[in-house]
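Novice: Hey, dropping input_39.txt in here, compact mmCIF, C-alpha atoms:
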```txt
# COMPACT_ATOMS: atom_id res chain seq x y z
CA MET A 183 -163.07 -123.80 -280.93
CA LEU A 184 -163.21 -127.59 -281.27
CA LEU A 185 -161.19 -129.69 -278.87
CA GLU A 186 -159.06 -132.55 -280.12
CA ALA A 187 -159.44 -136.06 -278.71
CA SER A 188 -156.07 -135.85 -276.92
CA SER A 189 -156.92 -132.58 -275.18
CA SER A 190 -157.28 -132.59 -271.36
CA ALA A 191 -159.64 -129.60 -271.26
CA ILE A 192 -163.13 -129.96 -269.78
CA HIS A 193 -166.07 -128.75 -271.80
CA ILE A 194 -168.69 -127.33 -269.38
CA HIS A 195 -172.21 -126.66 -270.64
CA ALA A 196 -174.12 -123.73 -269.18
CA PRO A 197 -177.47 -124.61 -267.58
CA THR A 198 -180.45 -124.24 -269.81
CA THR A 199 -182.90 -121.39 -269.36
CA SER A 200 -185.70 -123.74 -268.29
CA VAL A 201 -183.63 -125.07 -265.37
CA ILE A 202 -182.84 -121.54 -264.18
CA GLN A 203 -186.46 -120.48 -264.40
CA ASN A 204 -187.74 -123.52 -262.49
CA THR A 205 -185.34 -122.97 -259.57
CA PRO A 206 -187.04 -120.87 -256.83
CA ARG A 207 -185.23 -117.68 -255.95
CA THR A 208 -183.97 -117.01 -252.46
CA PRO A 209 -186.13 -114.36 -250.75
CA THR A 210 -184.44 -111.01 -250.30
CA ASN A 211 -187.07 -109.38 -248.07
CA VAL A 212 -189.58 -110.50 -245.43
CA THR A 213 -192.67 -108.45 -244.59
CA ILE A 214 -194.59 -109.17 -241.39
CA HIS A 215 -198.10 -107.94 -240.67
CA PRO A 216 -199.18 -106.93 -237.14
CA VAL A 217 -201.69 -109.80 -236.82
CA ALA A 218 -198.86 -112.34 -237.01
CA LEU A 219 -196.77 -110.51 -234.41
CA PHE A 220 -199.68 -110.20 -231.98
CA SER A 221 -200.42 -113.90 -232.37
CA ILE A 222 -196.79 -114.75 -231.54
CA LEU A 223 -196.81 -112.49 -228.48
CA ASP A 224 -200.09 -113.98 -227.30
CA HIS A 225 -198.59 -117.46 -227.63
CA TYR A 226 -195.55 -116.34 -225.62
CA LEU A 227 -197.72 -114.93 -222.81
CA ARG A 228 -199.68 -118.21 -222.54
CA ARG A 229 -196.61 -120.45 -222.33
CA THR A 230 -195.92 -122.68 -219.35
CA GLU A 231 -193.19 -121.93 -216.84
CA LYS A 232 -191.05 -124.80 -218.12
CA GLN A 233 -191.01 -123.55 -221.71
CA ALA A 234 -187.96 -121.49 -222.60
CA ARG A 235 -189.44 -120.53 -225.96
CA VAL A 236 -192.53 -121.13 -228.09
CA LEU A 237 -192.78 -122.33 -231.69
CA GLY A 238 -195.37 -121.93 -234.39
CA THR A 239 -196.13 -121.91 -238.10
CA LEU A 240 -196.07 -118.83 -240.30
CA LEU A 241 -198.65 -118.40 -243.06
CA GLY A 242 -198.64 -115.92 -245.88
CA THR A 243 -197.84 -115.36 -249.53
CA ARG A 244 -194.65 -115.18 -251.57
CA ASN A 245 -193.46 -113.86 -254.89
CA ASP A 246 -190.12 -113.95 -256.69
CA SER A 247 -188.12 -112.06 -254.04
CA GLU A 248 -190.43 -111.26 -251.10
CA VAL A 249 -192.28 -113.25 -248.46
CA GLN A 250 -195.28 -111.70 -246.70
CA VAL A 251 -196.18 -113.18 -243.32
CA ARG A 252 -199.89 -112.47 -242.77
CA SER A 253 -200.83 -114.78 -239.88
CA SER A 254 -199.52 -117.56 -237.66
CA PHE A 255 -200.67 -120.27 -235.29
CA ALA A 256 -199.04 -122.03 -232.35
CA VAL A 257 -197.63 -125.55 -232.58
CA LEU A 258 -197.31 -127.92 -229.63
CA HIS A 259 -193.75 -129.00 -228.94
CA SER A 260 -191.47 -130.28 -226.20
CA GLU A 261 -187.81 -129.37 -226.06
CA THR A 262 -184.83 -130.38 -223.97
CA SER A 263 -181.13 -129.69 -224.26
CA GLU A 264 -180.67 -132.81 -226.41
CA GLN A 265 -183.84 -133.24 -228.46
CA VAL A 266 -186.98 -131.52 -229.69
CA ALA A 267 -190.37 -132.99 -230.59
CA VAL A 268 -193.01 -131.21 -232.68
CA ASP A 269 -196.60 -132.37 -232.93
CA MET A 270 -196.82 -132.72 -236.72
CA ASP A 271 -200.40 -134.03 -236.69
CA TYR A 272 -201.56 -130.94 -234.81
CA HIS A 273 -199.59 -128.73 -237.19
CA ARG A 274 -201.18 -130.25 -240.30
CA ALA A 275 -204.68 -130.25 -238.77
CA MET A 276 -204.40 -126.55 -237.93
CA TYR A 277 -203.10 -125.75 -241.39
CA ASP A 278 -205.96 -127.64 -243.05
CA LEU A 279 -208.51 -125.67 -241.02
CA HIS A 280 -206.80 -122.38 -241.79
CA HIS A 281 -206.49 -123.25 -245.48
CA LYS A 282 -210.27 -123.71 -245.71
CA VAL A 283 -210.74 -120.13 -244.50
CA ASN A 284 -207.83 -118.52 -246.39
CA PRO A 285 -206.94 -120.65 -249.41
CA LYS A 286 -204.42 -118.11 -250.70
CA GLU A 287 -202.20 -118.32 -247.62
CA VAL A 288 -199.62 -121.10 -247.56
CA ILE A 289 -196.92 -122.19 -245.15
CA VAL A 290 -193.91 -119.90 -245.53
CA GLY A 291 -191.88 -120.91 -242.46
CA TRP A 292 -191.90 -120.97 -238.67
CA TYR A 293 -191.32 -118.68 -235.73
CA SER A 294 -189.76 -118.88 -232.30
CA THR A 295 -189.19 -116.52 -229.41
CA GLY A 296 -185.69 -115.64 -228.30
CA ALA A 297 -182.51 -115.22 -230.28
CA ASN A 298 -180.95 -118.64 -229.64
CA LEU A 299 -180.19 -120.52 -232.87
CA ASN A 300 -178.76 -123.99 -232.24
CA THR A 301 -178.77 -127.52 -233.62
CA LEU A 302 -182.38 -128.04 -232.56
CA SER A 303 -183.37 -124.95 -234.54
CA ALA A 304 -181.68 -126.50 -237.58
CA LEU A 305 -183.77 -129.66 -237.16
CA ILE A 306 -186.99 -127.64 -236.99
CA GLN A 307 -185.86 -125.64 -240.01
CA ASN A 308 -185.34 -128.89 -241.90
CA PHE A 309 -188.89 -130.02 -241.08
CA TYR A 310 -190.43 -126.76 -242.32
CA SER A 311 -188.22 -126.81 -245.42
CA GLN A 312 -189.99 -130.04 -246.37
CA GLU A 313 -193.36 -128.34 -245.80
CA THR A 314 -192.49 -125.36 -248.04
CA ALA A 315 -190.55 -127.28 -250.75
CA PRO A 316 -189.41 -126.34 -253.33
CA HIS A 317 -189.29 -122.86 -251.74
CA GLN A 318 -187.06 -121.77 -248.88
CA ALA A 319 -188.54 -121.85 -245.37
CA ILE A 320 -188.33 -118.58 -243.46
CA HIS A 321 -187.51 -118.50 -239.76
CA VAL A 322 -188.68 -115.46 -237.78
CA ALA A 323 -187.06 -114.97 -234.37
CA LEU A 324 -188.99 -112.63 -232.07
CA ASN A 325 -186.98 -111.42 -229.11
CA THR A 326 -189.32 -110.10 -226.43
CA GLY A 327 -186.50 -108.42 -224.47
CA VAL A 328 -187.67 -109.94 -221.18
CA ASP A 329 -184.32 -111.44 -220.20
CA GLY A 330 -182.49 -108.19 -220.94
CA SER A 331 -179.56 -109.80 -222.74
CA GLU A 332 -180.66 -108.40 -226.11
CA PRO A 333 -183.09 -105.64 -227.03
CA ALA A 334 -186.55 -106.54 -228.25
CA GLY A 335 -186.84 -106.95 -231.99
CA VAL A 336 -187.67 -109.20 -234.92
CA LYS A 337 -185.17 -110.99 -237.17
CA ALA A 338 -185.72 -113.23 -240.18
CA TYR A 339 -183.47 -115.97 -241.59
CA PHE A 340 -183.32 -118.61 -244.26
CA SER A 341 -181.05 -121.64 -244.07
CA SER A 342 -178.17 -122.82 -246.19
CA PRO A 343 -176.71 -126.36 -245.92
CA VAL A 344 -173.12 -126.85 -244.77
CA GLY A 345 -170.68 -129.57 -245.78
CA VAL A 346 -170.11 -131.87 -248.71
CA PHE A 347 -172.75 -134.26 -247.41
CA PRO A 348 -175.07 -131.91 -245.50
CA ARG A 349 -177.05 -133.27 -242.59
CA PRO A 350 -180.34 -131.87 -241.27
CA GLU A 351 -178.73 -130.56 -238.08
CA ASN A 352 -175.95 -128.75 -239.99
CA CYS A 353 -176.96 -125.50 -241.61
CA VAL A 354 -176.21 -121.79 -241.52
CA PHE A 355 -178.96 -119.27 -240.79
CA VAL A 356 -178.54 -116.35 -243.20
CA PRO A 357 -180.27 -113.11 -242.09
CA VAL A 358 -182.83 -111.48 -244.38
CA PRO A 359 -184.07 -107.86 -244.15
CA VAL A 360 -187.42 -107.73 -242.37
CA GLN A 361 -189.97 -104.93 -242.17
CA LEU A 362 -193.37 -104.34 -240.58
CA ARG A 363 -196.26 -103.38 -242.85
CA PHE A 364 -199.87 -102.71 -241.95
CA HIS A 365 -203.01 -101.78 -243.84
CA ASP A 366 -204.81 -98.47 -243.46
CA ALA A 367 -207.67 -100.19 -241.64
CA GLU A 368 -205.21 -101.39 -238.96
CA ARG A 369 -203.74 -97.96 -238.29
CA SER A 370 -206.40 -96.89 -235.75
CA GLY A 371 -205.84 -100.02 -233.67
CA LEU A 372 -202.07 -99.62 -233.72
CA ASP A 373 -202.37 -95.95 -232.77
CA LEU A 374 -204.55 -96.95 -229.82
CA LEU A 375 -201.95 -99.47 -228.66
CA LYS A 376 -199.20 -96.90 -229.11
CA SER A 377 -201.05 -94.39 -226.95
CA THR A 378 -201.09 -96.86 -224.03
CA SER A 379 -197.47 -97.98 -224.43
CA THR A 380 -195.98 -95.09 -222.42
CA CYS A 381 -197.18 -96.53 -219.10
CA PRO A 382 -197.34 -100.26 -218.25
CA ASN A 383 -200.65 -99.79 -216.39
CA ALA A 384 -202.21 -97.50 -218.99
CA SER A 385 -205.60 -98.39 -220.39
CA SER A 386 -208.14 -96.93 -222.76
CA SER A 387 -211.91 -96.85 -222.55
CA GLN A 388 -213.60 -99.21 -224.98
CA PRO A 389 -215.12 -98.85 -227.41
CA VAL A 390 -213.58 -95.70 -228.86
CA ALA A 391 -216.12 -93.33 -230.39
CA ASP A 392 -216.00 -92.75 -234.13
CA LEU A 393 -215.69 -89.00 -233.66
CA GLU A 394 -212.60 -89.49 -231.50
CA ILE A 395 -211.02 -91.61 -234.26
CA ILE A 396 -211.84 -88.95 -236.85
CA GLU A 397 -210.44 -86.24 -234.57
CA GLY A 398 -207.18 -88.13 -234.11
CA ALA A 399 -206.89 -88.77 -237.86
CA ILE A 400 -207.47 -85.07 -238.61
CA LYS A 401 -204.78 -84.07 -236.11
CA THR A 402 -202.34 -86.53 -237.67
CA VAL A 403 -203.03 -85.20 -241.17
CA THR A 404 -202.63 -81.63 -239.91
CA ASP A 405 -199.23 -82.43 -238.41
CA MET A 406 -198.15 -84.06 -241.69
CA LEU A 407 -199.24 -80.99 -243.68
CA ASP A 408 -197.36 -78.73 -241.28
CA ARG A 409 -194.17 -80.74 -241.82
CA VAL A 410 -194.65 -80.62 -245.58
CA LEU A 411 -195.22 -76.85 -245.53
CA THR A 412 -192.11 -76.34 -243.39
CA TYR A 413 -190.03 -78.39 -245.82
CA VAL A 414 -191.42 -76.62 -248.90
CA ARG A 415 -190.81 -73.17 -247.42
CA SER A 416 -187.25 -74.07 -246.46
CA VAL A 417 -186.60 -75.29 -250.02
CA LEU A 418 -188.10 -72.14 -251.56
CA SER A 419 -186.03 -69.92 -249.28
CA GLY A 420 -182.83 -71.78 -250.15
CA GLU A 421 -182.17 -73.09 -246.64
CA THR A 422 -182.58 -76.74 -247.69
CA ALA A 423 -181.53 -78.40 -250.93
CA GLY A 424 -184.54 -79.75 -252.79
CA ASP A 425 -184.95 -83.45 -253.54
CA PRO A 426 -186.47 -84.04 -257.03
CA ALA A 427 -187.81 -87.48 -256.08
CA LEU A 428 -189.51 -86.10 -252.96
CA GLY A 429 -190.91 -83.19 -254.95
CA ARG A 430 -192.47 -85.49 -257.52
CA TYR A 431 -193.92 -87.66 -254.77
CA LEU A 432 -195.50 -84.65 -253.05
CA MET A 433 -196.88 -83.39 -256.34
CA ASP A 434 -198.49 -86.73 -257.16
CA THR A 435 -199.89 -87.22 -253.66
CA LEU A 436 -201.18 -83.72 -252.99
CA GLY A 437 -202.35 -83.26 -256.56
CA ALA A 438 -204.63 -86.30 -256.34
CA SER A 439 -205.84 -85.20 -252.90
CA THR A 440 -206.68 -81.71 -254.21
CA GLU A 441 -208.78 -83.14 -257.01
CA ASP A 442 -210.66 -85.32 -254.54
CA LEU A 443 -211.33 -82.34 -252.32
CA GLU A 444 -212.60 -80.31 -255.25
CA LYS A 445 -215.00 -83.10 -256.18
CA GLY A 446 -216.43 -83.04 -252.69
CA GLY A 447 -215.54 -86.64 -251.93
CA PHE A 448 -214.12 -85.83 -248.51
CA ASN A 449 -217.11 -83.70 -247.53
CA SER A 450 -219.62 -86.35 -248.59
CA SER A 451 -217.75 -89.05 -246.67
CA LEU A 452 -217.62 -86.85 -243.58
CA GLN A 453 -221.34 -86.13 -243.81
CA ASP A 454 -222.10 -89.83 -244.13
CA MET A 455 -220.01 -90.59 -241.07
CA LEU A 456 -221.71 -87.86 -239.03
CA MET A 457 -225.15 -89.07 -240.13
CA ILE A 458 -224.34 -92.65 -239.07
CA SER A 459 -223.09 -91.41 -235.71
CA TYR A 460 -226.21 -89.29 -235.24
CA LEU A 461 -228.54 -92.19 -236.07
CA ALA A 462 -226.65 -94.50 -233.72
CA ASN A 463 -226.98 -92.01 -230.86
CA LEU A 464 -230.68 -91.53 -231.67
CA VAL A 465 -231.36 -95.28 -231.55
CA ARG A 466 -229.45 -95.53 -228.28
CA ALA A 467 -231.52 -92.71 -226.77
CA GLN A 468 -234.79 -94.27 -227.92
CA SER A 469 -233.86 -97.63 -226.41
CA GLU A 470 -233.06 -95.91 -223.10
CA VAL A 471 -236.43 -94.13 -223.10
CA SER A 472 -238.26 -97.35 -223.95
CA SER A 473 -236.56 -99.27 -221.13
CA ARG A 474 -237.38 -96.57 -218.57
CA LEU A 475 -241.03 -96.36 -219.71
CA ALA A 476 -241.28 -100.11 -219.35
CA LEU A 477 -240.00 -99.85 -215.78
CA VAL A 478 -242.50 -97.10 -214.95
CA THR A 479 -245.39 -99.06 -216.46
CA SER A 480 -244.50 -102.22 -214.54
CA ALA A 481 -244.24 -100.25 -211.31
```
So that I can check it, write out the structure of this file as structure tokens.
Specialist:
Amino acid sequence: MLLEASSSAIHIHAPTTSVIQNTPRTPTNVTIHPVALFSILDHYLRRTEKQARVLGTLLGTRNDSEVQVRSSFAVLHSETSEQVAVDMDYHRAMYDLHHKVNPKEVIVGWYSTGANLNTLSALIQNFYSQETAPHQAIHVALNTGVDGSEPAGVKAYFSSPVGVFPRPENCVFVPVPVQLRFHDAERSGLDLLKSTSTCPNASSSQPVADLEIIEGAIKTVTDMLDRVLTYVRSVLSGETAGDPALGRYLMDTLGASTEDLEKGGFNSSLQDMLMISYLANLVRAQSEVSSRLALVTSA
């Protein structure tokens, strides 16, 4: 309906589609890989006694709604109760070196240890927001649980400005769901760390033999199959209500695995692994015999 000249109504135009598409979306999920967490913990262990927390840069990839943190590096900084100083030249030099090795990884945010979010954290967030513009900078807070005030854990945030005329030190940290994800190649290392986590002084002999890794993997798969069989039998007997989504997932997973087993892929891979282990032991034995013969000859 057309508005007359004397009308006091306001005609508001909706934003065009191009403006909406060019505006980056706020991330709804943050995924952290173990390498980044171990790097943060290593930085925390190497801190000086005067440092209450450590800071660093997060590197990774992002899509429309998710940020993946794949690695990180420490950043030199000094912090008091009134001000904070970050070595920006060191930060950019480290990023340039890392970018030459991994061109696909970009700056996605920063990390700190502890759960204290204050005005100084807002200033650091403002600095990293300029580094990640036009995207949102992610802040990952890793609480080591050393002080005992809060349990150990990882939290992720993005910032939102506050006020009509927002200032860098005024912002609200909005929490974002965070999860830990690791590749299949990293599972053996994480399982080894988990096995030594029950006792503070526990240790494991290095290196771990390939047969021991295969044995542990076979035991894990056996336990998984036992749990699946128990669930399937309880559903068939009527003790447990069946889940259609879970049933389809089991059918797809076990169906593909059965075809692979029928093709002999697992057996051939196992034979290759055993052959490599046998050859490695044979070379080791030959080197031992050669060294001892050399000692006898020299004597």
Novice: Of the residues A:Gln318, A:Thr262, A:Thr239, A:Asn298, which is the one nearest to Arg274 in chain A, using all atoms listed in the file?
Specialist: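 Closest candidate: A:Thr239.
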Novice: Tell me, as a PyMOL selection string, which residues lie within 10 Å of range 222-228 of chain A, counting all atoms listed in the file; anything in the same chain fewer than 6 positions away does not count.
Specialist: chain A and resi 216+234-240+253-257+293-295+324-326
Novice: Distance CA of Gly429 in chain A-CA of Val414 in chain A, one decimal place?
Specialist: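 Answer for the CA of Gly429 in chain A to CA of Val414 in chain A separation: 8.9 Å.
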Novice: For CA of Glu261 in chain A and CA of Tyr310 in chain A, quote the distance in Å rounded to one decimal.
Specialist: 16.7 Å
Novice: Quick one: distance from CA of His280 in chain A to CA of Leu241 in chain A in Å, one decimal?
Specialist: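 It comes out at 9.2 Å.
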Novice: Which one of A:Ala423, A:Val266, A:Tyr413, A:Gly296 sits closest to Glu332 in chain A if you count all atoms listed in the file?
Specialist: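 Under the stated criterion, the closest residue is A:Gly296.
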Novice: Find the axis-aligned box for range 361-378 of chain A, covering all its listed atoms and adding 3 Å on each side, and write its centre and edge lengths in Å to one decimal as AutoDock Vina command-line options.
Specialist:
```
--center_x -198.8 --center_y -99.7 --center_z -233.9 --size_x 23.7 --size_y 16.5 --size_z 25.8
```
Novice: Rank nothing, just name the residue among A:Val344, A:Ala297, A:Ala304, A:Val471 nearest to Gly327 in chain A, using only C-alpha atoms.
Specialist: A:Ala297
Novice: Using all atoms listed in the file, find the one residue out of A:Arg466, A:Arg363, A:Arg252, A:Arg409 that sits nearest to Lys286 in chain A.
Specialist: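 Looking at the shortest contact to Lys286 in chain A, the residue is A:Arg252.
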Novice: With distances taken over all atoms listed in the file, which residue among A:Tyr339, A:Phe220, A:Tyr277, A:Phe309 lies nearest Val360 in chain A?
Specialist: A:Tyr339
